[in-house]
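Source file: run.txt (compact mmCIF, C-alpha atoms and all ligand atoms)
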# COMPACT_ATOMS: atom_id res chain seq x y z
CA MET A 14 67.11 -63.17 -57.19
CA LYS A 15 67.31 -66.41 -59.07
CA ARG A 16 67.69 -69.84 -57.55
CA THR A 17 67.79 -73.30 -59.11
CA ASN A 18 65.94 -76.43 -58.08
CA VAL A 19 67.40 -79.73 -59.24
CA VAL A 20 65.26 -82.87 -59.27
CA ARG A 21 65.71 -86.34 -60.75
CA LEU A 22 63.32 -87.44 -63.47
CA LEU A 23 61.82 -90.92 -63.38
CA VAL A 24 61.72 -91.53 -67.11
CA SER A 25 59.85 -94.49 -68.61
CA GLY A 26 60.90 -96.40 -71.74
CA THR A 27 59.01 -94.44 -74.38
CA GLN A 28 59.73 -91.17 -72.64
CA LYS A 29 63.43 -92.00 -72.80
CA THR A 30 63.19 -92.33 -76.59
CA HIS A 31 61.33 -89.04 -76.83
CA LEU A 32 63.82 -87.16 -74.68
CA ARG A 33 66.71 -88.59 -76.69
CA LEU A 34 65.05 -87.49 -79.89
CA ILE A 35 64.41 -83.97 -78.59
CA GLY A 36 67.95 -83.78 -77.24
CA ASP A 37 69.34 -84.87 -80.60
CA ARG A 38 67.30 -82.21 -82.39
CA VAL A 39 68.59 -79.59 -79.94
CA SER A 40 72.16 -80.55 -80.87
CA SER A 41 71.28 -80.49 -84.55
CA LEU A 42 69.80 -76.99 -84.31
CA TRP A 43 72.72 -75.83 -82.19
CA ASN A 44 75.16 -77.00 -84.82
CA SER A 45 73.43 -75.31 -87.73
CA VAL A 46 73.08 -72.03 -85.80
CA ASN A 47 76.68 -72.21 -84.69
CA PHE A 48 77.77 -72.95 -88.28
CA LEU A 49 76.14 -69.72 -89.45
CA CYS A 50 77.77 -67.73 -86.64
CA ARG A 51 81.18 -69.18 -87.44
CA GLN A 52 80.76 -68.45 -91.14
CA ARG A 53 79.94 -64.83 -90.40
CA PHE A 54 82.78 -64.58 -87.93
CA PHE A 55 85.40 -66.03 -90.29
CA GLY A 56 83.99 -63.91 -93.13
CA GLY A 57 84.86 -60.85 -91.08
CA LYS A 58 81.20 -59.91 -90.58
CA LYS A 59 79.27 -59.23 -87.40
CA VAL A 60 78.09 -62.28 -85.51
CA PRO A 61 74.26 -62.23 -85.62
CA SER A 62 72.36 -61.29 -82.47
CA TYR A 63 69.58 -63.35 -80.93
CA CYS A 64 66.88 -61.38 -82.78
CA GLU A 65 68.64 -61.80 -86.13
CA LEU A 66 69.05 -65.51 -85.46
CA CYS A 67 65.32 -65.80 -84.75
CA ARG A 68 64.53 -64.12 -88.08
CA GLU A 69 67.08 -66.25 -89.89
CA PHE A 70 65.97 -69.60 -88.49
CA LYS A 71 62.21 -69.09 -88.26
CA ASP A 72 61.57 -71.45 -91.17
CA ASP A 73 64.58 -73.72 -90.74
CA GLU A 74 63.71 -77.40 -90.57
CA ASN A 75 65.79 -77.95 -87.45
CA TYR A 76 63.98 -75.06 -85.80
CA ARG A 77 60.55 -76.32 -86.84
CA ALA A 78 61.35 -79.79 -85.49
CA LEU A 79 61.29 -78.44 -81.94
CA PRO A 80 58.62 -76.70 -79.86
CA SER A 81 59.26 -72.95 -80.29
CA HIS A 82 60.12 -72.41 -76.63
CA ILE A 83 62.90 -74.94 -76.85
CA ALA A 84 64.16 -73.79 -80.25
CA GLN A 85 64.29 -70.15 -79.15
CA GLU A 86 66.22 -71.06 -76.05
CA VAL A 87 68.78 -72.91 -78.16
CA LEU A 88 69.28 -69.77 -80.28
CA LYS A 89 69.66 -67.77 -77.10
CA LYS A 90 72.27 -70.15 -75.72
CA VAL A 91 74.34 -70.05 -78.92
CA SER A 92 74.09 -66.27 -78.99
CA LYS A 93 75.22 -66.14 -75.35
CA ALA A 94 78.14 -68.43 -76.08
CA TRP A 95 79.27 -66.10 -78.87
CA LYS A 96 78.85 -62.99 -76.75
CA GLY A 97 80.99 -64.59 -74.06
CA TYR A 98 83.61 -65.60 -76.59
CA LEU A 99 83.83 -62.11 -78.11
CA ARG A 100 84.17 -60.53 -74.70
CA LEU A 101 86.99 -62.88 -73.73
CA LYS A 102 88.68 -62.33 -77.09
CA LYS A 103 88.74 -58.60 -76.46
CA LEU A 104 90.24 -59.13 -73.01
CA HIS A 105 92.84 -61.46 -74.50
CA GLU A 106 93.78 -58.91 -77.15
CA LYS A 107 94.24 -56.28 -74.46
CA GLY A 108 96.52 -58.70 -72.65
CA ARG A 109 94.28 -59.04 -69.61
CA LEU A 110 93.66 -62.73 -70.17
CA LYS A 111 96.43 -65.28 -70.29
CA ASP A 112 94.84 -68.10 -72.28
CA LYS A 113 93.39 -67.61 -75.71
CA PRO A 114 89.64 -68.33 -75.59
CA GLY A 115 88.27 -71.11 -77.81
CA LEU A 116 85.49 -70.60 -80.34
CA PRO A 117 82.03 -71.88 -79.38
CA GLY A 118 82.12 -75.52 -80.46
CA TYR A 119 79.74 -77.86 -82.19
CA ARG A 120 77.70 -80.33 -80.21
CA LYS A 121 79.43 -83.37 -81.58
CA ASN A 122 81.57 -86.15 -80.24
CA ARG A 123 84.68 -85.99 -82.41
CA LYS A 124 85.78 -89.56 -81.78
CA THR A 125 82.50 -91.32 -82.44
CA GLY A 126 81.07 -88.71 -84.80
CA THR A 127 77.76 -88.79 -82.94
CA ARG A 128 75.67 -85.91 -81.67
CA PRO A 129 75.06 -85.78 -77.93
CA PHE A 130 71.46 -85.75 -76.77
CA ASN A 131 72.15 -84.87 -73.16
CA TYR A 132 70.85 -81.32 -73.03
CA VAL A 133 67.44 -79.73 -73.56
CA PRO A 134 66.94 -76.05 -72.64
CA ILE A 135 63.42 -74.66 -72.25
CA LYS A 136 62.77 -70.93 -72.38
CA SER A 137 59.76 -70.49 -70.15
CA THR A 138 56.66 -72.03 -68.67
CA GLY A 139 55.12 -71.74 -72.12
CA ALA A 140 56.62 -75.16 -72.84
CA TYR A 141 56.77 -76.79 -69.43
CA SER A 142 54.81 -76.94 -66.22
CA ILE A 143 55.05 -78.59 -62.85
CA VAL A 144 51.92 -80.16 -61.45
CA ASP A 145 51.74 -82.60 -58.53
CA ASP A 146 55.25 -84.03 -58.76
CA PHE A 147 55.07 -84.25 -62.54
CA LEU A 148 57.10 -82.30 -65.06
CA ASN A 149 55.11 -81.70 -68.25
CA ILE A 150 56.99 -80.79 -71.41
CA THR A 151 55.48 -79.78 -74.75
CA LEU A 152 56.27 -82.31 -77.47
CA PRO A 153 57.35 -81.43 -81.01
CA SER A 154 54.37 -81.35 -83.34
CA ASP A 155 55.25 -84.56 -85.23
CA LEU A 156 55.29 -86.60 -82.01
CA ARG A 157 52.04 -85.26 -80.68
CA ARG A 158 49.24 -87.27 -82.23
CA ARG A 159 49.99 -90.62 -80.73
CA ASN A 160 51.28 -89.45 -77.38
CA GLY A 161 49.13 -86.48 -76.41
CA ASP A 162 50.40 -82.91 -76.38
CA ARG A 163 52.78 -83.20 -73.50
CA LEU A 164 55.32 -85.50 -72.01
CA SER A 165 54.36 -86.08 -68.39
CA ILE A 166 57.34 -87.25 -66.36
CA PRO A 167 57.23 -87.90 -62.60
CA TYR A 168 60.18 -86.57 -60.65
CA ARG A 169 61.83 -87.32 -57.35
CA GLY A 170 63.22 -84.60 -55.10
CA ILE A 171 62.11 -81.46 -53.35
CA LEU A 172 61.62 -78.08 -54.95
CA ARG A 173 63.53 -76.17 -52.32
CA TYR A 174 62.85 -72.75 -53.78
CA ARG A 175 59.33 -71.54 -54.49
CA GLY A 176 58.63 -68.59 -56.70
CA GLU A 177 58.01 -67.61 -60.27
CA PHE A 178 59.23 -70.28 -62.68
CA LYS A 179 61.78 -69.11 -65.26
CA THR A 180 63.88 -71.24 -67.58
CA CYS A 181 64.29 -74.97 -67.26
CA GLU A 182 67.00 -77.35 -68.45
CA LEU A 183 66.99 -81.10 -68.82
CA LYS A 184 70.37 -82.75 -68.47
CA TYR A 185 71.39 -86.36 -68.87
CA ASP A 186 74.09 -87.83 -66.71
CA PRO A 187 75.63 -90.69 -68.73
CA SER A 188 77.61 -92.11 -65.81
CA ARG A 189 74.44 -92.58 -63.80
CA LYS A 190 72.16 -93.00 -66.79
CA VAL A 191 69.71 -90.57 -65.26
CA TRP A 192 67.96 -87.42 -66.45
CA TYR A 193 67.88 -84.39 -64.17
CA THR A 194 65.95 -81.19 -64.52
CA HIS A 195 67.24 -77.81 -63.38
CA ILE A 196 64.40 -75.36 -62.81
CA VAL A 197 65.24 -71.70 -62.30
CA VAL A 198 62.88 -69.71 -60.08
CA GLU A 199 62.74 -66.03 -59.25
CA VAL A 200 62.61 -65.83 -55.46
CA PRO A 201 61.70 -62.62 -53.61
CA GLU A 202 64.55 -61.03 -51.63
CA PRO A 203 64.37 -62.17 -48.00
CA ALA A 204 63.24 -59.45 -45.61
CA ARG A 205 66.14 -58.77 -43.24
CA LYS A 206 65.28 -57.90 -39.70
CA GLU A 207 67.11 -54.91 -38.33
CA ARG A 208 69.70 -56.20 -35.91
CA PRO A 209 72.64 -54.48 -34.25
CA VAL A 210 75.62 -54.66 -36.58
CA ARG A 211 78.13 -57.32 -35.68
CA TYR A 212 81.07 -58.44 -37.75
CA ALA A 213 82.76 -61.75 -38.25
CA THR A 214 85.67 -62.56 -40.51
CA ALA A 215 87.02 -65.68 -42.12
CA ASP A 216 90.34 -66.60 -43.57
CA LEU A 217 90.32 -69.34 -46.17
CA GLY A 218 93.36 -71.50 -46.48
CA ALA A 219 93.84 -74.36 -48.89
CA LYS A 220 94.66 -77.23 -46.58
CA ARG A 221 93.54 -75.83 -43.25
CA THR A 222 90.33 -74.81 -44.89
CA MET A 223 88.97 -72.05 -42.70
CA ALA A 224 89.33 -69.90 -39.60
CA VAL A 225 86.40 -67.83 -38.32
CA THR A 226 86.51 -65.06 -35.73
CA ILE A 227 83.52 -63.20 -34.37
CA GLU A 228 83.46 -59.71 -32.91
CA GLY A 229 83.30 -59.86 -29.12
CA CYS A 230 83.57 -63.65 -29.05
CA LYS A 231 86.44 -65.07 -27.05
CA VAL A 232 86.74 -68.24 -29.07
CA SER A 233 87.67 -68.53 -32.72
CA TYR A 234 86.68 -71.45 -34.88
CA VAL A 235 89.08 -73.40 -37.03
CA PHE A 236 87.89 -76.01 -39.50
CA SER A 237 90.55 -78.46 -40.48
CA GLY A 238 90.53 -79.88 -43.96
CA ARG A 239 92.88 -82.74 -43.14
CA GLN A 240 90.35 -85.55 -43.23
CA LEU A 241 88.82 -84.09 -46.33
CA TRP A 242 92.16 -83.93 -48.06
CA LYS A 243 92.85 -87.56 -47.12
CA ASP A 244 89.54 -88.63 -48.56
CA TYR A 245 90.18 -86.65 -51.72
CA LYS A 246 93.61 -88.23 -52.11
CA TYR A 247 92.12 -91.69 -51.66
CA TRP A 248 89.64 -91.17 -54.48
CA THR A 249 92.31 -89.59 -56.65
CA GLY A 250 94.29 -92.80 -56.17
CA GLN A 251 91.28 -94.86 -57.23
CA ILE A 252 90.93 -92.68 -60.31
CA SER A 253 94.54 -93.05 -61.35
CA ARG A 254 94.31 -96.84 -60.86
CA GLU A 255 91.33 -96.96 -63.15
CA GLN A 256 93.14 -94.76 -65.68
CA LYS A 257 96.11 -97.10 -65.61
CA ARG A 258 93.85 -100.09 -66.21
CA LEU A 259 92.18 -98.33 -69.11
CA SER A 260 95.43 -97.27 -70.73
CA GLN A 261 96.66 -100.87 -70.62
CA GLN A 262 93.63 -101.76 -72.69
CA GLY A 263 94.13 -98.79 -75.01
CA LEU A 264 91.05 -97.03 -73.74
CA GLU A 265 90.65 -93.49 -72.49
CA THR A 266 87.50 -93.35 -70.47
CA SER A 267 84.89 -95.60 -68.99
CA ARG A 268 81.68 -95.30 -67.12
CA ARG A 269 83.46 -96.43 -63.99
CA LEU A 270 86.01 -93.65 -64.37
CA ARG A 271 83.34 -91.01 -64.79
CA ARG A 272 81.56 -92.34 -61.73
CA LEU A 273 84.75 -92.16 -59.70
CA TYR A 274 85.27 -88.53 -60.70
CA ARG A 275 81.73 -87.78 -59.78
CA LYS A 276 82.01 -89.56 -56.47
CA ARG A 277 85.13 -87.60 -55.55
CA HIS A 278 83.39 -84.35 -56.43
CA LEU A 279 80.20 -85.14 -54.53
CA ARG A 280 82.00 -86.27 -51.39
CA LEU A 281 83.87 -82.96 -51.31
CA ARG A 282 80.74 -81.01 -52.09
CA HIS A 283 78.90 -82.71 -49.24
CA ALA A 284 81.57 -81.63 -46.76
CA GLN A 285 81.59 -78.07 -48.13
CA GLU A 286 77.82 -77.73 -47.86
CA ALA A 287 77.93 -79.10 -44.31
CA LEU A 288 80.75 -76.72 -43.42
CA ALA A 289 78.91 -73.70 -44.81
CA LYS A 290 75.80 -74.71 -42.91
CA LYS A 291 77.73 -75.16 -39.68
CA VAL A 292 79.47 -71.79 -40.02
CA ALA A 293 76.24 -69.96 -40.86
CA GLY A 294 74.62 -71.57 -37.80
CA ILE A 295 77.46 -70.45 -35.50
CA LEU A 296 77.31 -66.91 -36.91
CA ARG A 297 73.55 -66.69 -36.47
CA LYS A 298 73.78 -67.90 -32.89
CA ASN A 299 76.29 -65.13 -32.17
CA GLY A 300 74.11 -62.48 -33.75
CA VAL A 301 76.45 -61.73 -36.64
CA THR A 302 75.08 -59.50 -39.38
CA HIS A 303 78.11 -58.99 -41.62
CA PHE A 304 80.43 -61.80 -42.57
CA MET A 305 83.69 -60.74 -44.24
CA VAL A 306 85.46 -63.45 -46.13
CA GLY A 307 89.05 -62.85 -47.13
CA TYR A 308 89.46 -63.96 -50.66
CA PRO A 309 92.97 -64.75 -51.86
CA LYS A 310 92.83 -62.90 -55.16
CA ASP A 311 95.96 -64.32 -56.63
CA CYS A 312 96.06 -67.52 -54.63
CA ARG A 313 96.92 -69.50 -57.71
CA GLU A 314 100.17 -67.65 -58.11
CA SER A 315 101.12 -66.99 -54.52
CA MET A 316 100.34 -70.34 -52.93
CA ASP A 317 102.75 -72.97 -53.99
CA PHE A 318 102.35 -76.51 -52.80
CA GLY A 319 105.07 -77.92 -54.99
CA ARG A 320 104.34 -81.31 -56.44
CA ASN A 321 100.75 -81.24 -55.22
CA ASN A 322 100.05 -77.80 -56.63
CA GLN A 323 97.51 -78.76 -59.25
CA LYS A 324 95.83 -81.20 -56.93
CA VAL A 325 95.29 -78.59 -54.24
CA HIS A 326 93.74 -76.13 -56.63
CA ASN A 327 91.39 -78.71 -58.02
CA PHE A 328 90.63 -79.84 -54.51
CA TRP A 329 89.61 -76.59 -52.96
CA ASN A 330 87.87 -74.27 -55.34
CA PHE A 331 87.68 -70.99 -53.42
CA LEU A 332 85.12 -69.20 -55.53
CA GLY A 333 82.86 -72.24 -55.59
CA PHE A 334 83.07 -72.57 -51.84
CA ILE A 335 82.38 -68.88 -51.24
CA ARG A 336 79.26 -69.22 -53.35
CA ILE A 337 78.07 -72.10 -51.16
CA LEU A 338 78.82 -70.01 -48.07
CA GLU A 339 76.87 -67.12 -49.53
CA LYS A 340 73.84 -69.32 -50.03
CA HIS A 341 73.81 -70.57 -46.45
CA CYS A 342 74.46 -67.11 -44.97
CA GLU A 343 71.65 -65.64 -47.00
CA ARG A 344 69.20 -68.18 -45.60
CA ARG A 345 70.07 -66.96 -42.13
CA GLY A 346 69.92 -63.28 -42.96
CA ILE A 347 73.68 -62.69 -42.87
CA LEU A 348 75.37 -60.50 -45.43
CA LEU A 349 78.53 -62.00 -46.89
CA GLU A 350 81.18 -59.71 -48.33
CA ARG A 351 84.39 -60.64 -50.05
CA ILE A 352 87.35 -58.59 -48.97
CA ASP A 353 90.97 -58.38 -49.96
CA GLU A 354 93.02 -60.33 -47.47
CA SER A 355 96.44 -59.27 -48.67
CA GLY A 356 98.90 -58.49 -45.90
CA THR A 357 96.75 -59.88 -43.10
CA SER A 358 98.92 -62.89 -42.48
CA GLU A 359 102.20 -61.00 -42.25
CA VAL A 360 101.65 -59.02 -39.05
CA CYS A 361 100.66 -59.85 -35.49
CA HIS A 362 97.01 -59.02 -34.78
CA LEU A 363 97.88 -57.44 -31.42
CA CYS A 364 100.92 -55.29 -32.08
CA LYS A 365 101.16 -55.21 -35.90
CA ARG A 366 104.79 -56.29 -35.77
CA THR A 367 105.97 -58.44 -38.63
CA VAL A 368 105.75 -62.11 -37.75
CA ARG A 369 107.88 -65.08 -38.66
CA ARG A 370 106.20 -68.04 -40.27
CA PRO A 371 108.41 -71.11 -39.91
CA VAL A 372 105.58 -73.46 -40.93
CA ARG A 373 102.39 -72.64 -42.78
CA SER A 374 100.15 -73.33 -39.81
CA GLU A 375 101.60 -70.91 -37.29
CA VAL A 376 103.10 -67.46 -36.98
CA ILE A 377 105.48 -66.24 -34.29
CA CYS A 378 105.40 -62.67 -33.04
CA PRO A 379 108.62 -61.47 -31.33
CA VAL A 380 106.51 -60.20 -28.40
CA HIS A 381 103.35 -62.31 -28.26
CA GLY A 382 104.68 -65.69 -29.29
CA ARG A 383 103.01 -68.41 -31.29
CA THR A 384 99.57 -68.07 -32.84
CA HIS A 385 97.52 -70.02 -35.33
CA ALA A 386 98.31 -68.45 -38.70
CA ASP A 387 94.78 -68.39 -40.08
CA VAL A 388 93.19 -67.22 -36.83
CA ASN A 389 95.75 -64.42 -36.72
CA ALA A 390 94.83 -63.43 -40.28
CA ALA A 391 91.11 -63.48 -39.49
CA LEU A 392 91.67 -61.30 -36.41
CA ASN A 393 93.70 -58.87 -38.49
CA MET A 394 90.78 -58.56 -40.88
CA LEU A 395 88.44 -57.89 -37.97
CA GLY A 396 90.83 -55.17 -36.84
CA ARG A 397 90.44 -53.46 -40.19
CA PHE A 398 86.71 -53.03 -39.73
CA ILE A 399 86.76 -52.10 -36.08
CA PRO A 400 89.85 -49.95 -35.47
CA GLY A 401 91.52 -50.65 -32.17
CA TYR A 402 89.66 -53.91 -31.84
CA ARG A 403 90.87 -56.40 -29.25
CA ASN A 404 89.26 -59.72 -28.65
CA GLY A 405 89.35 -59.33 -24.88
CA LEU A 406 92.08 -61.92 -24.64
CA GLU A 407 95.33 -60.12 -25.19
CA ALA A 408 97.81 -62.93 -25.00
CA SER A 409 95.78 -66.08 -24.60
CA LEU A 410 94.07 -66.46 -27.89
CA VAL A 411 91.90 -69.60 -28.10
CA TRP A 412 90.28 -71.50 -30.87
CA VAL A 413 88.30 -74.70 -31.32
CA THR A 414 89.36 -76.97 -34.12
CA HIS A 415 86.65 -78.86 -35.96
CA GLU A 416 87.16 -81.90 -38.10
CA TRP A 417 85.12 -83.63 -40.72
CA ASN A 418 84.08 -87.13 -39.71
CA ARG A 419 82.45 -87.81 -43.11
CA HIS A 420 79.04 -86.89 -41.71
CA LEU A 421 79.45 -83.83 -39.52
CA TRP A 422 81.94 -81.18 -38.56
CA VAL A 423 82.73 -81.97 -34.93
CA PRO A 424 85.08 -80.23 -32.50
CA ARG A 425 88.21 -82.14 -31.50
CA THR A 426 87.94 -83.28 -27.89
CA GLU A 427 91.40 -82.05 -26.91
CA SER A 428 90.61 -78.74 -28.52
CA LEU A 429 87.47 -78.30 -26.38
CA ARG A 430 89.35 -79.26 -23.24
CA TYR A 431 92.05 -76.72 -24.01
CA VAL A 432 89.49 -73.96 -24.60
CA SER A 433 87.64 -74.61 -21.36
CA GLN A 434 90.96 -74.60 -19.50
CA VAL A 435 92.08 -71.28 -20.90
CA LEU A 436 88.71 -69.61 -20.53
CA GLY A 437 88.50 -70.93 -16.94
CA GLN A 438 91.79 -69.21 -16.16
CA VAL A 439 90.65 -65.95 -17.67
CA ALA A 440 87.37 -65.97 -15.76
ZN ZN B 501 102.49 -59.26 -31.34

Produce structure tokens that represent the structure in this file.
Amino acid sequence: MKRTNVVRLLVSGTQKTHLRLIGDRVSSLWNSVNFLCRQRFFGGKKVPSYCELCREFKDDENYRALPSHIAQEVLKKVSKAWKGYLRLKKLHEKGRLKDKPGLPGYRKNRKTGTRPFNYVPIKSTGAYSIVDDFLNITLPSDLRRRNGDRLSIPYRGILRYRGEFKTCELKYDPSRKVWYTHIVVEVPEPARKERPVRYATADLGAKRTMAVTIEGCKVSYVFSGRQLWKDYKYWTGQISREQKRLSQQGLETSRRLRRLYRKRHLRLRHAQEALAKKVAGILRKNGVTHFMVGYPKDCRESMDFGRNNQKVHNFWNFLGFIRILEKHCERRGILLERIDESGTSEVCHLCKRTVRRPVRSEVICPVHGRTHADVNAALNMLGRFIPGYRNGLEASLVWVTHEWNRHLWVPRTESLRYVSQVLGQVA
């Protein structure tokens, strides 16, 4: 399987110029390749494949201006972009896609008319290497004489994944004015120890974030997204203030604005990574082997938060979060599976009677009374995998609520007290 290491490059003055130049040439080649593809496409002909593009551009000046491993990767990226577009177009024509896909665009800033230089793809280790905390990149032939064959840039960061090096990408972040490199490595599949099968399930909700139940475990875990949502709203406010300020000056964007967006994203990402790590740790401790995550397939349509609708969907990206969860579970040897969660929140987990849901956070069964809505849904999912499953606590269902304190996910004190009380009674 493939994994990506991201490290920050410590670029010196001359190296900066070189990277900008290479990045600019990448954009230039991209544009001329894309021009050809568009011409063919509008002319009603077949869009050329990667091999045809290689033949076509072998002697092109834009191609020759780059080391072959970079130039080839650019052709590959354009070809991939077209393949993706054609696939989406077909889906759209069949009516299975709502929005019409856009054609692969040129690498050009329409307002300023300049070419961006922020992206350099490298095909393989033929044109880059990593030696002792240095990233070495092959230079284009015209830059070689004075500067040696390779650009040797020190980097900061840890290569988390070790394995066979594959492609590499250099990306420039204009809001931070920093270059990053993304190195893809092929990592061997982790050997999973044979353990007795044990299931756990999770229900993902937008604002309440997550409820986890484990087979045979008396306590469920709820992770509240309240603090996170507050934090997100705060930074959204900062962003709209900055936007207001800019619009008064007739501007659209600024470095400060981009940094605010980035900050909001990274703060959320931090909490999500921490949450995934915490959950994977809890599962491992309980000997879980299979983790079933209910994925709301049509959550965009079915969950309506009114005025905040758009905000919520931007805020909590389900697929993105499941991917983070997958990563952390894999490290601990737990298999994550996505399952359809439809119908799990409408019935009581004990008697399967239809429940009332006066507020989003709780459901009321005519026989068993109030329950946490997400915990109920997670228990229902568990019931699907283990028929006749009961959690050993017929009526007194307990859960611990965790909150994000901007550093860690910690259990609420009153929640712990309540759990120990209930479990004390049962014992
Ligand atoms: Zn019931």

Can you pull out every residue with an atom within 9 Å of ligand ZN 501 (chain B)? Use only C-alpha atoms and all ligand atoms and format it as a PyMOL selection string. chain A and resi 360-368+377-382+408

Lys291 in chain A proximity check over A:Lys276, A:His415, A:Lys257, A:Arg397, using all atoms listed in the file: winner is A:His415

Cut-off 9 Å around (88.8, -81.9, -35.9) with all atoms listed in the file: residues as a list in words: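 Selection result: Val235, Phe236, Ser237, Gly238, Arg239, Gln240, Val413, Thr414, His415, Glu416, Trp417, Asn418, Trp422, Val423, Pro424, Arg425, Thr426 and Ser428 of chain A.
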
Using all atoms listed in the file for the distances, tell me which of A:Glu343, A:Gly108, A:Val19, A:His31 is nearest to Val197 in chain A. A:Val19

What separates CA of Thr127 in chain A and CA of Lys102 in chain A is a distance of 29.2 Å

Find the smallest box with edges along x, y and z containing every listed atom of range 117-123 of chain A, then add 3 Å on each side and report centre and edge lengths in Å to one decimal, as lines of an AutoDock Vina configuration file.
center_x = 81.2
center_y = -79.0
center_z = -80.9
size_x = 13.0
size_y = 20.3
size_z = 9.0

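The shortest atom-to-atom distance to Phe304 in chain A, with only C-alpha atoms taken into account, belongs to A:Arg211 out of A:Arg269, A:Arg211, A:Lys71, A:Arg370.
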
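Atom pair CA of Ser233 in chain A / CA of Val411 in chain A: separated by 6.4 Å.
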
Quick one: distance from CA of Lys298 in chain A to CA of Lys340 in chain A in Å, one decimal? 17.2 Å

Between A:Leu241, A:Val91, A:Ile83, A:Ile171, which is the closest to Trp43 in chain A once you count all atoms listed in the file?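 Counting all atoms listed in the file, the residue closest to Trp43 in chain A is A:Val91.
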
Quick one: everything within 12 Å of Leu49 in chain A, counting all atoms listed in the file, minus sequence neighbours fewer than 6 positions away in the same chain. Send it as a ChimeraX atom specification. /A:42-43,55-56,58-62,65-66,69-70,88,91-92,95,117,119

Give the answer as one residue: which of A:Leu32, A:Cys50, A:Leu101, A:Ala224 has the shortest atom-to-atom distance to Leu288 in chain A, using all atoms listed in the file? A:Ala224

Applying 10 Å and all atoms listed in the file, which residues near Lys136 in chain A remain after dropping the ones on its own chain fewer than 5 positions away? List them as an MDAnalysis selection string. chainID A and resid 81:87 89 141 179:182

Check the smallest atom-to-atom distance from each of A:Ser374, A:Thr151, A:Thr17, A:Ser253 to Glu177 in chain A using only C-alpha atoms, then report the winner.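 Counting only C-alpha atoms, the residue closest to Glu177 in chain A is A:Thr17.
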
Spatial sel., origin (86.3, -88.0, -59.1), limit 10 Å, all atoms listed in the file, listed as a list in words: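 The requested residues, written out, are Tyr245, Trp248, Thr249, Gly250, Gln251, Ile252, Ser253, Leu270, Arg271, Arg272, Leu273, Tyr274, Arg275, Lys276, Arg277, His278, Leu279, Arg280 and Leu281 of chain A.
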
Write out as a PyMOL selection string which residues come within 6 Å of Gly176 in chain A when counting all atoms listed in the file, dropping same-chain ones fewer than 5 positions away. chain A and resi 198-200

Could I get range 190-215 of chain A from the block written as a PDB file, in the first residue's frame, with C-alpha atoms?
ATOM      1  CA  LYS A 190       5.865  31.145   1.839  1.00  0.00           C
ATOM      2  CA  VAL A 191       7.233  27.661   2.336  1.00  0.00           C
ATOM      3  CA  TRP A 192       7.970  24.725   0.052  1.00  0.00           C
ATOM      4  CA  TYR A 193       6.849  21.254   1.093  1.00  0.00           C
ATOM      5  CA  THR A 194       7.654  17.917  -0.419  1.00  0.00           C
ATOM      6  CA  HIS A 195       5.239  14.999  -0.534  1.00  0.00           C
ATOM      7  CA  ILE A 196       7.057  11.699  -0.949  1.00  0.00           C
ATOM      8  CA  VAL A 197       5.027   8.602  -1.760  1.00  0.00           C
ATOM      9  CA  VAL A 198       6.386   5.298  -0.468  1.00  0.00           C
ATOM     10  CA  GLU A 199       5.248   1.735  -1.014  1.00  0.00           C
ATOM     11  CA  VAL A 200       4.929   0.211   2.449  1.00  0.00           C
ATOM     12  CA  PRO A 201       4.564  -3.543   3.006  1.00  0.00           C
ATOM     13  CA  GLU A 202       1.178  -4.659   4.366  1.00  0.00           C
ATOM     14  CA  PRO A 203       1.357  -4.970   8.154  1.00  0.00           C
ATOM     15  CA  ALA A 204       1.302  -8.555   9.388  1.00  0.00           C
ATOM     16  CA  ARG A 205      -1.875  -8.988  11.426  1.00  0.00           C
ATOM     17  CA  LYS A 206      -1.694 -11.264  14.404  1.00  0.00           C
ATOM     18  CA  GLU A 207      -4.528 -13.743  14.657  1.00  0.00           C
ATOM     19  CA  ARG A 208      -6.781 -12.566  17.439  1.00  0.00           C
ATOM     20  CA  PRO A 209     -10.267 -13.659  18.457  1.00  0.00           C
ATOM     21  CA  VAL A 210     -12.786 -11.689  16.419  1.00  0.00           C
ATOM     22  CA  ARG A 211     -14.369  -8.825  18.281  1.00  0.00           C
ATOM     23  CA  TYR A 212     -16.569  -6.136  16.821  1.00  0.00           C
ATOM     24  CA  ALA A 213     -17.039  -2.490  17.582  1.00  0.00           C
ATOM     25  CA  THR A 214     -19.296  -0.026  15.840  1.00  0.00           C
ATOM     26  CA  ALA A 215     -19.390   3.721  15.485  1.00  0.00           C
TER      27      ALA A 215
END
